[in-house]
file structure06.csv (CSV, C-alpha atoms)
chain,number,residue,atom,x,y,z
F,25,MET,CA,-210.9,231.1,-89.9
F,26,VAL,CA,-211.0,228.6,-87.0
F,27,LYS,CA,-214.4,228.7,-85.4
F,28,ASP,CA,-213.1,228.2,-81.9
F,29,ALA,CA,-210.0,230.5,-82.4
F,30,VAL,CA,-208.5,231.8,-79.2
F,31,PRO,CA,-209.1,235.5,-78.6
F,32,LEU,CA,-205.5,236.6,-78.5
F,33,ARG,CA,-206.3,240.0,-77.0
F,34,SER,CA,-207.4,238.3,-73.9
F,35,ILE,CA,-204.1,236.5,-73.4
F,36,ALA,CA,-201.9,238.2,-70.8
F,37,ARG,CA,-199.5,235.3,-70.3
F,38,ALA,CA,-198.8,232.1,-72.3
F,39,LEU,CA,-196.7,229.0,-71.5
F,40,VAL,CA,-195.1,227.0,-74.3
F,41,ILE,CA,-193.9,223.5,-73.3
F,42,LYS,CA,-191.3,221.5,-75.2
F,43,LEU,CA,-189.8,218.7,-73.1
F,44,ARG,CA,-187.5,217.1,-75.7
F,45,HIS,CA,-183.9,217.1,-76.8
F,46,HIS,CA,-181.8,220.1,-77.7
F,47,GLY,CA,-182.6,220.2,-81.4
F,48,ASP,CA,-186.3,219.7,-80.9
F,49,VAL,CA,-186.4,222.6,-78.5
F,50,LEU,CA,-184.5,224.9,-80.9
F,51,LEU,CA,-187.0,224.0,-83.7
F,52,ALA,CA,-189.8,225.1,-81.4
F,53,ALA,CA,-188.4,228.6,-81.1
F,54,PRO,CA,-190.6,230.0,-84.0
F,55,VAL,CA,-193.6,229.2,-81.8
F,56,LEU,CA,-192.4,231.9,-79.4
F,57,SER,CA,-191.7,234.4,-82.1
F,58,VAL,CA,-195.0,233.9,-83.9
F,59,LEU,CA,-197.1,233.9,-80.7
F,60,LYS,CA,-195.5,237.2,-79.6
F,61,ALA,CA,-196.1,238.7,-83.1
F,62,TYR,CA,-199.8,237.9,-83.0
F,63,ALA,CA,-200.3,238.6,-79.3
F,64,PRO,CA,-197.7,241.5,-78.7
F,65,ALA,CA,-199.1,242.5,-75.4
F,66,ALA,CA,-198.7,238.9,-74.0
F,67,GLU,CA,-195.8,237.6,-72.0
F,68,ILE,CA,-194.5,234.4,-73.5
F,69,ASP,CA,-192.9,231.8,-71.1
F,70,ALA,CA,-191.4,228.4,-71.9
F,71,LEU,CA,-190.9,225.2,-70.0
F,72,VAL,CA,-188.0,222.9,-71.2
F,73,TYR,CA,-185.5,220.4,-69.7
F,74,ASP,CA,-182.7,222.2,-67.8
F,75,ASP,CA,-180.0,220.9,-70.2
F,76,SER,CA,-181.8,222.2,-73.2
F,77,ALA,CA,-182.4,225.7,-71.7
F,78,PRO,CA,-179.5,227.3,-73.8
F,79,MET,CA,-181.5,226.7,-76.9
F,80,LEU,CA,-184.1,229.3,-75.9
F,81,GLU,CA,-182.2,231.5,-73.4
F,82,GLY,CA,-182.0,235.1,-74.7
F,83,HIS,CA,-184.8,234.7,-77.2
F,84,PRO,CA,-186.3,238.1,-77.8
F,85,ALA,CA,-189.9,236.9,-77.4
F,86,LEU,CA,-189.3,235.0,-74.2
F,87,SER,CA,-190.2,236.5,-70.8
F,88,VAL,CA,-189.5,233.6,-68.3
F,89,LEU,CA,-187.8,230.3,-69.0
F,90,HIS,CA,-188.8,227.5,-66.6
F,91,THR,CA,-186.9,224.2,-66.4
F,92,VAL,CA,-187.5,220.6,-65.4
F,93,GLY,CA,-184.4,218.8,-64.1
F,94,ARG,CA,-183.4,215.8,-66.3
F,95,ARG,CA,-182.1,214.1,-63.1
F,96,TRP,CA,-185.1,214.8,-60.8
F,97,ARG,CA,-186.2,211.2,-61.2
F,98,GLN,CA,-182.9,210.0,-59.8
F,99,ALA,CA,-183.1,212.2,-56.7
F,100,ALA,CA,-184.4,211.1,-53.3
F,101,PRO,CA,-188.2,211.3,-53.1
F,102,HIS,CA,-188.3,214.3,-50.8
F,103,ALA,CA,-185.8,216.2,-53.0
F,104,ARG,CA,-187.8,215.5,-56.1
F,105,ALA,CA,-191.0,216.5,-54.4
F,106,ALA,CA,-189.5,219.8,-53.3
F,107,ALA,CA,-188.2,220.5,-56.8
F,108,GLU,CA,-191.6,219.7,-58.4
F,109,TRP,CA,-193.4,221.9,-55.8
F,110,ARG,CA,-191.0,224.9,-56.6
F,111,LEU,CA,-191.7,224.5,-60.3
F,112,TYR,CA,-195.4,224.2,-59.9
F,113,SER,CA,-195.5,227.2,-57.5
F,114,ALA,CA,-193.5,229.3,-60.1
F,115,LEU,CA,-195.8,228.3,-62.9
F,116,ALA,CA,-199.0,228.9,-60.9
F,117,ALA,CA,-197.8,232.3,-59.8
F,118,ARG,CA,-197.7,233.3,-63.5
F,119,ARG,CA,-201.5,232.7,-64.0
F,120,TYR,CA,-201.4,231.6,-67.6
F,121,ASP,CA,-204.3,232.2,-69.9
F,122,LEU,CA,-202.9,230.0,-72.7
F,123,LEU,CA,-200.9,226.7,-72.6
F,124,VAL,CA,-199.2,225.5,-75.8
F,125,HIS,CA,-198.0,221.9,-75.4
F,126,LEU,CA,-195.8,220.7,-78.3
F,127,SER,CA,-195.3,217.0,-77.5
F,128,GLY,CA,-197.0,213.9,-76.1
F,129,HIS,CA,-195.4,214.3,-72.7
F,130,TRP,CA,-197.8,213.6,-69.9
F,131,ARG,CA,-196.5,216.6,-67.9
F,132,GLY,CA,-198.3,218.9,-70.3
F,133,ALA,CA,-201.7,217.3,-69.6
F,134,TRP,CA,-201.2,217.5,-65.8
F,135,LEU,CA,-200.1,221.1,-66.0
F,136,ALA,CA,-203.1,222.0,-68.1
F,137,ARG,CA,-205.4,220.5,-65.4
F,138,LEU,CA,-203.5,222.0,-62.5
F,139,LEU,CA,-202.8,225.5,-63.9
F,140,ARG,CA,-206.3,225.7,-65.4
F,141,PRO,CA,-205.6,228.2,-68.2
F,142,ALA,CA,-208.6,229.4,-70.2
F,143,TYR,CA,-207.2,227.8,-73.3
F,144,SER,CA,-204.8,224.9,-73.9
F,145,VAL,CA,-203.6,223.2,-77.0
F,146,ALA,CA,-201.8,220.0,-77.6
F,147,PRO,CA,-201.3,217.3,-80.3
F,148,ILE,CA,-203.8,214.5,-80.8
F,149,VAL,CA,-202.2,211.3,-79.2
F,150,PRO,CA,-204.6,208.4,-79.6
F,151,ALA,CA,-202.6,206.1,-77.4
F,152,ARG,CA,-203.0,208.6,-74.5
F,153,GLY,CA,-206.8,208.0,-74.4
F,154,ALA,CA,-209.6,210.1,-73.0
F,155,LEU,CA,-207.7,211.6,-70.0
F,156,TRP,CA,-205.3,213.2,-72.4
F,157,ALA,CA,-207.9,214.5,-74.8
F,158,ARG,CA,-210.0,216.0,-72.0
F,159,SER,CA,-207.0,217.8,-70.5
F,160,PHE,CA,-207.0,220.4,-73.3
F,161,THR,CA,-209.5,222.8,-74.9
F,162,HIS,CA,-207.9,222.4,-78.3
F,163,LEU,CA,-206.3,219.4,-80.0
F,164,TYR,CA,-204.4,219.4,-83.3
F,165,PRO,CA,-203.6,216.5,-85.6
F,166,VAL,CA,-200.0,215.5,-86.2
F,167,VAL,CA,-199.8,215.5,-90.0
F,168,GLY,CA,-196.4,214.9,-91.3
F,169,GLY,CA,-195.6,211.4,-92.4
F,170,GLY,CA,-191.9,212.4,-92.5
F,171,ARG,CA,-192.6,214.9,-95.2
F,172,ARG,CA,-193.2,218.1,-93.2
F,173,HIS,CA,-190.5,219.9,-91.2
F,174,GLN,CA,-190.6,219.9,-87.4
F,175,VAL,CA,-190.9,223.7,-87.4
F,176,GLU,CA,-194.2,223.4,-89.3
F,177,LEU,CA,-195.4,220.6,-87.1
F,178,ASN,CA,-194.8,222.8,-84.0
F,179,LEU,CA,-196.5,225.7,-85.7
F,180,ASP,CA,-199.6,223.6,-86.2
F,181,ALA,CA,-200.4,224.2,-82.5
F,182,LEU,CA,-200.8,227.9,-83.3
F,183,ARG,CA,-202.7,227.2,-86.5
F,184,ARG,CA,-205.2,225.2,-84.5
F,185,ILE,CA,-206.0,228.3,-82.3
F,186,GLY,CA,-206.4,230.6,-85.2
F,187,ILE,CA,-202.9,231.9,-86.0
F,188,GLN,CA,-201.7,231.5,-89.6
F,189,PRO,CA,-198.0,232.5,-89.7
F,190,GLU,CA,-196.4,234.1,-92.7
F,191,PRO,CA,-193.4,232.3,-94.2
F,192,GLN,CA,-190.9,235.0,-93.1
F,193,GLU,CA,-192.2,234.7,-89.5
F,194,ARG,CA,-191.1,231.0,-89.2
F,195,ARG,CA,-187.4,231.6,-88.8
F,196,VAL,CA,-185.6,229.8,-86.0
F,197,ARG,CA,-183.8,232.2,-83.7
F,198,PHE,CA,-180.8,231.3,-81.5
F,199,VAL,CA,-179.0,233.9,-79.4
F,200,PRO,CA,-175.4,233.1,-78.4
F,201,GLY,CA,-175.1,236.1,-76.1
F,202,ALA,CA,-172.3,238.7,-75.5
F,203,GLU,CA,-170.1,236.4,-73.4
F,204,ALA,CA,-170.1,233.6,-75.9
F,205,GLU,CA,-169.4,236.1,-78.7
F,206,ARG,CA,-166.4,237.5,-76.9
F,207,ARG,CA,-164.9,234.1,-76.2
F,208,ILE,CA,-165.2,233.0,-79.8
F,209,GLU,CA,-163.6,236.2,-81.0
F,210,SER,CA,-160.7,235.5,-78.7
F,211,LEU,CA,-160.3,231.9,-79.7
F,212,LEU,CA,-160.3,232.8,-83.4
F,213,ALA,CA,-157.8,235.6,-82.9
F,214,GLU,CA,-155.5,233.2,-81.0
F,215,ARG,CA,-155.6,230.8,-84.0
F,216,GLY,CA,-155.3,233.4,-86.7
F,217,LEU,CA,-158.8,232.9,-87.9
F,218,ALA,CA,-161.2,235.6,-89.1
F,219,ALA,CA,-165.0,235.6,-89.4
F,220,GLY,CA,-165.9,234.1,-92.8
F,221,GLY,CA,-162.4,232.6,-93.1
F,222,PHE,CA,-163.0,229.0,-92.1
F,223,VAL,CA,-165.2,226.0,-92.5
F,224,HIS,CA,-166.9,224.6,-89.4
F,225,LEU,CA,-167.0,220.8,-89.2
F,226,HIS,CA,-169.0,219.2,-86.5
F,227,PRO,CA,-169.0,215.4,-87.3
F,228,ALA,CA,-170.2,213.9,-84.1
F,229,SER,CA,-173.6,213.2,-82.5
F,230,ARG,CA,-174.7,211.7,-79.3
F,231,TRP,CA,-176.2,209.0,-81.6
F,232,ARG,CA,-173.2,207.3,-83.2
F,233,PHE,CA,-175.4,205.7,-85.8
F,234,LYS,CA,-175.9,209.2,-87.3
F,235,CYS,CA,-172.2,209.7,-87.8
F,236,TRP,CA,-170.1,209.6,-91.0
F,237,PRO,CA,-166.9,207.5,-90.4
F,238,ALA,CA,-163.7,209.3,-89.2
F,239,LYS,CA,-161.7,208.2,-92.2
F,240,GLN,CA,-164.1,210.0,-94.6
F,241,ASN,CA,-164.3,213.1,-92.4
F,242,ALA,CA,-160.5,213.3,-92.4
F,243,GLU,CA,-160.3,212.9,-96.2
F,244,LEU,CA,-162.8,215.8,-96.5
F,245,VAL,CA,-160.7,218.0,-94.2
F,246,LEU,CA,-157.6,217.2,-96.4
F,247,ARG,CA,-159.4,218.1,-99.6
F,248,LEU,CA,-160.7,221.4,-98.2
F,249,ALA,CA,-157.3,222.2,-96.8
F,250,ALA,CA,-155.7,221.5,-100.2
F,251,GLU,CA,-158.1,224.1,-101.7
F,252,GLY,CA,-156.9,226.7,-99.1
F,253,HIS,CA,-159.8,226.4,-96.6
F,254,ARG,CA,-159.1,226.5,-92.9
F,255,VAL,CA,-161.2,223.9,-91.1
F,256,VAL,CA,-162.3,224.2,-87.4
F,257,LEU,CA,-163.4,220.9,-85.8
F,258,THR,CA,-165.8,220.8,-82.9
F,259,ALA,CA,-167.6,218.2,-80.7
F,260,ALA,CA,-169.6,218.1,-77.5
F,261,PRO,CA,-167.6,217.7,-74.3
F,262,GLU,CA,-168.5,214.0,-74.1
F,263,LYS,CA,-165.6,211.5,-74.2
F,264,SER,CA,-167.1,209.5,-77.1
F,265,GLU,CA,-167.5,212.6,-79.2
F,266,THR,CA,-164.1,214.2,-78.4
F,267,ASP,CA,-162.4,210.9,-79.1
F,268,PHE,CA,-164.2,210.7,-82.4
F,269,ALA,CA,-163.1,214.3,-83.3
F,270,GLY,CA,-159.6,213.5,-82.1
F,271,GLU,CA,-159.4,210.5,-84.4
F,272,ILE,CA,-160.4,212.7,-87.3
F,273,ALA,CA,-157.8,215.3,-86.4
F,274,ALA,CA,-155.1,212.7,-86.1
F,275,LEU,CA,-156.0,211.2,-89.5
F,276,ALA,CA,-156.0,214.6,-91.0
F,277,GLY,CA,-152.5,215.2,-89.8
F,278,GLY,CA,-153.1,218.5,-88.1
F,279,ALA,CA,-154.9,220.0,-91.1
F,280,ALA,CA,-157.9,221.0,-88.8
F,281,VAL,CA,-158.0,223.4,-85.8
F,282,ASN,CA,-159.5,221.1,-83.1
F,283,LEU,CA,-161.8,222.8,-80.6
F,284,ALA,CA,-163.6,219.6,-79.7
F,285,GLY,CA,-165.0,219.6,-76.1
F,286,MET,CA,-163.9,223.3,-75.6
F,287,LEU,CA,-167.2,225.1,-76.4
F,288,SER,CA,-170.5,225.6,-74.7
F,289,ILE,CA,-173.7,225.5,-76.7
F,290,LYS,CA,-173.8,229.3,-76.9
F,291,GLU,CA,-170.2,229.4,-78.0
F,292,LEU,CA,-170.9,226.8,-80.7
F,293,GLY,CA,-173.6,229.1,-82.1
F,294,ALA,CA,-171.2,232.1,-82.0
F,295,LEU,CA,-168.6,230.0,-83.9
F,296,ALA,CA,-171.1,228.7,-86.5
F,297,ALA,CA,-172.2,232.3,-87.1
F,298,ARG,CA,-168.7,233.3,-88.1
F,299,ALA,CA,-168.1,230.3,-90.4
F,300,ARG,CA,-168.1,230.5,-94.1
F,301,LEU,CA,-169.7,227.1,-94.2
F,302,PHE,CA,-170.9,224.5,-91.7
F,303,ILE,CA,-170.7,220.7,-92.4
F,304,GLY,CA,-172.3,218.2,-90.1
F,305,VAL,CA,-174.7,215.4,-89.5
F,306,ASP,CA,-178.3,215.5,-88.4
F,307,SER,CA,-177.8,216.9,-84.9
F,308,MET,CA,-178.3,220.0,-82.7
F,309,PRO,CA,-175.2,221.9,-84.0
F,310,MET,CA,-176.5,221.6,-87.6
F,311,HIS,CA,-179.8,223.3,-86.5
F,312,VAL,CA,-177.8,225.9,-84.6
F,313,ALA,CA,-175.7,226.7,-87.7
F,314,ALA,CA,-178.8,227.0,-89.8
F,315,ALA,CA,-180.5,229.3,-87.2
F,316,MET,CA,-177.4,231.5,-87.4
F,317,GLY,CA,-177.9,231.8,-91.2
F,318,THR,CA,-174.7,229.9,-92.1
F,319,PRO,CA,-174.7,227.9,-95.3
F,320,THR,CA,-174.9,224.3,-94.3
F,321,VAL,CA,-174.0,220.9,-95.7
F,322,ALA,CA,-176.1,218.3,-93.8
F,323,LEU,CA,-175.3,214.5,-94.0
F,324,PHE,CA,-178.4,212.3,-93.4
F,325,GLY,CA,-178.7,208.6,-92.9
F,326,PRO,CA,-181.4,206.9,-90.9
F,327,SER,CA,-183.2,210.1,-90.1
F,328,GLY,CA,-185.3,212.1,-92.6
F,329,GLU,CA,-184.2,215.4,-94.1
F,330,HIS,CA,-187.7,216.5,-94.9
F,331,GLU,CA,-188.5,216.6,-91.3
F,332,TRP,CA,-185.2,217.5,-89.8
F,333,GLY,CA,-183.2,219.3,-92.5
F,334,PRO,CA,-181.6,222.7,-92.3
F,335,TRP,CA,-184.3,225.4,-92.0
F,336,MET,CA,-184.4,228.6,-93.9
F,337,THR,CA,-180.7,228.9,-94.8
F,338,ALA,CA,-178.7,228.0,-98.0
F,339,HIS,CA,-177.9,224.3,-97.7
F,340,ARG,CA,-177.2,221.0,-99.4
F,341,VAL,CA,-178.5,217.7,-98.0
F,342,VAL,CA,-176.2,214.8,-98.7
F,343,ALA,CA,-177.8,211.3,-98.5
F,344,SER,CA,-177.2,207.9,-100.1
F,345,GLY,CA,-179.6,206.3,-102.5
F,346,HIS,CA,-180.5,203.4,-100.2
F,347,THR,CA,-184.1,202.7,-100.7
F,348,CYS,CA,-184.5,201.7,-97.1
F,349,ARG,CA,-183.8,205.2,-95.8
F,350,PRO,CA,-184.9,207.0,-93.8
F,351,CYS,CA,-185.6,204.0,-91.6
F,352,GLY,CA,-185.3,205.7,-88.2
F,353,GLN,CA,-183.4,202.7,-86.8
F,354,ASP,CA,-180.4,202.7,-84.5
F,355,GLY,CA,-178.1,201.6,-87.2
F,356,CYS,CA,-178.7,198.7,-89.6
F,357,GLY,CA,-180.3,195.8,-87.6
F,358,GLY,CA,-179.9,197.9,-84.5
F,359,GLY,CA,-176.1,197.5,-84.8
F,360,LYS,CA,-175.2,201.2,-84.2
F,361,VAL,CA,-173.7,201.5,-87.7
F,362,SER,CA,-175.7,202.9,-90.6
F,363,GLU,CA,-174.6,201.6,-94.1
F,364,CYS,CA,-176.3,204.5,-95.7
F,365,LEU,CA,-173.7,206.7,-94.0
F,366,THR,CA,-170.6,204.5,-94.1
F,367,THR,CA,-171.0,204.2,-97.9
F,368,LEU,CA,-171.5,207.9,-98.5
F,369,ALA,CA,-168.6,209.0,-100.8
F,370,VAL,CA,-166.2,211.8,-99.9
F,371,GLU,CA,-166.6,213.1,-103.4
F,372,THR,CA,-170.3,213.6,-102.9
F,373,VAL,CA,-169.9,215.6,-99.7
F,374,HIS,CA,-167.0,217.6,-101.1
F,375,ALA,CA,-169.0,218.5,-104.1
F,376,ALA,CA,-171.8,219.8,-101.9
F,377,ALA,CA,-169.3,221.9,-99.9
F,378,ARG,CA,-167.8,223.3,-103.0
F,379,ALA,CA,-171.2,224.3,-104.4
F,380,LEU,CA,-171.9,226.4,-101.3
F,381,LEU,CA,-168.4,227.8,-101.0
F,382,GLY,CA,-168.9,229.2,-104.5
call {"tool": "encode", "arguments": {"input": "structure06.csv", "output": "structure tokens"}}
result
Amino acid sequence: MVKDAVPLRSIARALVIKLRHHGDVLLAAPVLSVLKAYAPAAEIDALVYDDSAPMLEGHPALSVLHTVGRRWRQAAPHARAAAEWRLYSALAARRYDLLVHLSGHWRGAWLARLLRPAYSVAPIVPARGALWARSFTHLYPVVGGGRRHQVELNLDALRRIGIQPEPQERRVRFVPGAEAERRIESLLAERGLAAGGFVHLHPASRWRFKCWPAKQNAELVLRLAAEGHRVVLTAAPEKSETDFAGEIAALAGGAAVNLAGMLSIKELGALAARARLFIGVDSMPMHVAAAMGTPTVALFGPSGEHEWGPWMTAHRVVASGHTCRPCGQDGCGGGKVSECLTTLAVETVHAAARALLG
């Protein structure tokens, strides 16, 4: 037992902070679930960037979701000051007893000092110096080395304050919501697709160096189609991603149902939940599919599967045998193209898909 464990019965409200990208925020969701399970009387709030809010909206353990605007820095000084004051006022009004900060973002340290919760926990960040360390009552070491999953790294914050979550308590929860469920049911019906009757392929990422080439994706679509599988293709509503999906659809000669750019994040989750199989690269949609319990084939290149792989769902990770991976680089030599992905054989990915399709 941790000697300075937080007395959870004294916690009326807690704030969990994760100011990162979409997938990072989703993989922090178990912190909400576990904290609520061990402090059931407490209200659990979260603070995230506004664009990543859908990752936690509707979570059953969440009371209030606060957001920081991604574009506040670009606003005029008076507009940014007004937005910051509104956020601080909303946070201060909640009178938090516990603050759980899950990254090295300076905002967490300033909020710990300004909000003055009785207890606050954050990762040890040596480069931040004494100001950082003195901002929190509890600090935990970041022990991973690329071999521990991000979910476990996030949960280390709770272990530091005396909570030891059971394995079954560490699931990632994503809630599409009724509106998204209805829209996906309608889209599938229009295209003659039933739940469990298609493969969901999401080949794109905002980071192009994580992507498998369009030609190989199209060949995979054709192989699956030849075996009688319907394939639904999705991509984020960004031109580079919809163009990439469009190239795959064209090369596949209409063998895929192309919904690229048509779905919200919540709708993407509702679609993935109805798929027989999800195939994609290391990206937020892959984590959403895994959270929905959908069997997942995940393609990995420069990033590490031990830290970022599908969590608590049936899956196959497909990666090359390049000894230099995972390198974490923006493509080979920083050139935006990763050889460990461009050389990944269609046969290998197809075999992984067939294994999960049964």
call {"tool": "residues_around", "arguments": {"input": "structure06.csv", "residues": "Ala142 in chain F", "least_positions_apart": "6", "cutoff": "8 Å", "atoms": "all atoms listed in the file", "output": "list of chain:residue names"}}
result
F:Tyr120, F:Asp121, F:Leu122
call {"tool": "closest_residue", "arguments": {"input": "structure06.csv", "among": "F:Ala65, F:Ala146, F:Cys351, F:Ala85", "to": "Phe233 in chain F", "atoms": "only C-alpha atoms"}}
result
F:Cys351
call {"tool": "closest_residue", "arguments": {"input": "structure06.csv", "among": "F:Ile289, F:Leu295, F:Ala117, F:Leu155", "to": "Leu212 in chain F", "atoms": "all atoms listed in the file"}}
result
F:Leu295
call {"tool": "closest_atom_pairs", "arguments": {"input": "structure06.csv", "of": "range 161-264 of chain F", "to": "range 323-340 of chain F", "cutoff": "10 Å", "atoms": "only C-alpha atoms", "output": "CSV"}}
result
residue,atom,partner,partner_atom,distance
F:Gly168,CA,F:Glu331,CA,8.1
F:Gly169,CA,F:Glu331,CA,8.9
F:Gly170,CA,F:Glu331,CA,5.5
F:Arg171,CA,F:His330,CA,5.2
F:Arg172,CA,F:Glu331,CA,5.3
F:His173,CA,F:Glu331,CA,3.9
F:Gln174,CA,F:Glu331,CA,5.5
F:Val175,CA,F:Trp335,CA,8.2
F:Glu176,CA,F:Glu331,CA,9.1
F:Leu177,CA,F:Glu331,CA,9.0
F:Pro191,CA,F:Met336,CA,9.7
F:Gln192,CA,F:Met336,CA,9.2
F:Arg194,CA,F:Met336,CA,8.5
F:Arg195,CA,F:Met336,CA,6.6
F:Val196,CA,F:Trp335,CA,7.6
F:Pro227,CA,F:Leu323,CA,9.2
F:Phe233,CA,F:Pro326,CA,8.0
F:Lys234,CA,F:Gly325,CA,6.3
F:Cys235,CA,F:Gly325,CA,8.3
F:Trp236,CA,F:Leu323,CA,7.7
call {"tool": "residues_around", "arguments": {"input": "structure06.csv", "residues": "Leu211 in chain F", "least_positions_apart": "6", "cutoff": "12 Å", "atoms": "only C-alpha atoms", "output": "VMD selection string"}}
result
chain F and resid 204 to 205 217 to 219 256 281 to 283 286 to 287 291 to 292 294 to 295 298
call {"tool": "atom_distance", "arguments": {"input": "structure06.csv", "atom1": "CA of Ala228 in chain F", "atom2": "CA of Glu271 in chain F"}}
result
11.3 Å
call {"tool": "closest_residue", "arguments": {"input": "structure06.csv", "among": "F:Ile272, F:Val26, F:Ala63, F:Ala260", "to": "Ala242 in chain F", "atoms": "all atoms listed in the file"}}
result
F:Ile272
call {"tool": "closest_residue", "arguments": {"input": "structure06.csv", "among": "F:Trp130, F:Phe302, F:Trp109, F:Tyr62", "to": "Gly220 in chain F", "atoms": "all atoms listed in the file"}}
result
F:Phe302
call {"tool": "residues_around", "arguments": {"input": "structure06.csv", "residues": "Ala77 in chain F", "least_positions_apart": "3", "cutoff": "10 Å", "atoms": "all atoms listed in the file", "output": "list in words"}}
result
His46, Val49, Leu50, Ala70, Leu71, Val72, Tyr73, Asp74, Leu80, Glu81, Gly82, Leu89, His90, Thr91 and Val92 of chain F
call {"tool": "decode", "arguments": {"input": "structure06.csv", "residues": "range 310-372 of chain F", "atoms": "C-alpha atoms", "output": "mmCIF file, in the first residue's frame"}}
result
data_model
loop_
_atom_site.group_PDB
_atom_site.id
_atom_site.type_symbol
_atom_site.label_atom_id
_atom_site.label_comp_id
_atom_site.auth_asym_id
_atom_site.auth_seq_id
_atom_site.Cartn_x
_atom_site.Cartn_y
_atom_site.Cartn_z
ATOM 1 C CA MET F 310 -8.018 2.055 -34.780
ATOM 2 C CA HIS F 311 -8.282 2.842 -31.068
ATOM 3 C CA VAL F 312 -11.992 3.627 -31.458
ATOM 4 C CA ALA F 313 -12.611 0.302 -33.189
ATOM 5 C CA ALA F 314 -10.776 -1.548 -30.426
ATOM 6 C CA ALA F 315 -12.781 0.343 -27.799
ATOM 7 C CA MET F 316 -15.971 -0.832 -29.507
ATOM 8 C CA GLY F 317 -14.744 -4.438 -29.215
ATOM 9 C CA THR F 318 -14.317 -4.933 -32.973
ATOM 10 C CA PRO F 319 -11.616 -7.418 -34.070
ATOM 11 C CA THR F 320 -8.782 -5.296 -35.421
ATOM 12 C CA VAL F 321 -5.890 -5.640 -37.854
ATOM 13 C CA ALA F 322 -3.438 -2.842 -37.068
ATOM 14 C CA LEU F 323 -0.558 -1.889 -39.383
ATOM 15 C CA PHE F 324 2.476 -0.444 -37.621
ATOM 16 C CA GLY F 325 5.546 1.251 -39.012
ATOM 17 C CA PRO F 326 7.603 3.911 -37.183
ATOM 18 C CA SER F 327 5.395 3.817 -34.063
ATOM 19 C CA GLY F 328 5.480 1.035 -31.485
ATOM 20 C CA GLU F 329 2.717 -1.524 -31.131
ATOM 21 C CA HIS F 330 3.567 -2.340 -27.507
ATOM 22 C CA GLU F 331 2.707 1.212 -26.518
ATOM 23 C CA TRP F 332 -0.021 2.006 -29.049
ATOM 24 C CA GLY F 333 -1.510 -1.309 -30.197
ATOM 25 C CA PRO F 334 -5.206 -2.316 -30.074
ATOM 26 C CA TRP F 335 -6.303 -2.608 -26.459
ATOM 27 C CA MET F 336 -8.412 -5.429 -25.013
ATOM 28 C CA THR F 337 -9.933 -6.704 -28.250
ATOM 29 C CA ALA F 338 -9.123 -9.581 -30.607
ATOM 30 C CA HIS F 339 -6.420 -8.280 -32.914
ATOM 31 C CA ARG F 340 -3.431 -8.890 -35.143
ATOM 32 C CA VAL F 341 -0.554 -6.430 -35.400
ATOM 33 C CA VAL F 342 1.154 -6.418 -38.799
ATOM 34 C CA ALA F 343 4.640 -4.932 -38.958
ATOM 35 C CA SER F 344 7.750 -5.442 -41.027
ATOM 36 C CA GLY F 345 10.933 -7.062 -39.794
ATOM 37 C CA HIS F 346 12.990 -3.904 -40.176
ATOM 38 C CA THR F 347 15.407 -3.823 -37.250
ATOM 39 C CA CYS F 348 15.229 -0.021 -37.105
ATOM 40 C CA ARG F 349 11.572 0.058 -36.121
ATOM 41 C CA PRO F 350 9.923 1.459 -34.159
ATOM 42 C CA CYS F 351 12.030 4.554 -34.773
ATOM 43 C CA GLY F 352 9.407 7.208 -34.063
ATOM 44 C CA GLN F 353 10.635 9.234 -37.048
ATOM 45 C CA ASP F 354 8.609 11.235 -39.545
ATOM 46 C CA GLY F 355 9.399 8.762 -42.315
ATOM 47 C CA CYS F 356 12.835 7.473 -43.266
ATOM 48 C CA GLY F 357 15.279 10.348 -42.976
ATOM 49 C CA GLY F 358 12.355 12.636 -42.154
ATOM 50 C CA GLY F 359 11.140 12.183 -45.730
ATOM 51 C CA LYS F 360 7.467 11.443 -44.833
ATOM 52 C CA VAL F 361 7.678 7.939 -46.341
ATOM 53 C CA SER F 362 8.316 4.904 -44.119
ATOM 54 C CA GLU F 363 9.997 1.964 -45.846
ATOM 55 C CA CYS F 364 8.833 -0.377 -43.100
ATOM 56 C CA LEU F 365 5.282 0.311 -44.364
ATOM 57 C CA THR F 366 5.852 0.652 -48.106
ATOM 58 C CA THR F 367 7.483 -2.806 -48.151
ATOM 59 C CA LEU F 368 4.716 -4.445 -46.104
ATOM 60 C CA ALA F 369 3.294 -7.236 -48.283
ATOM 61 C CA VAL F 370 -0.413 -7.447 -49.126
ATOM 62 C CA GLU F 371 -0.232 -11.191 -48.445
ATOM 63 C CA THR F 372 0.802 -10.542 -44.844
#
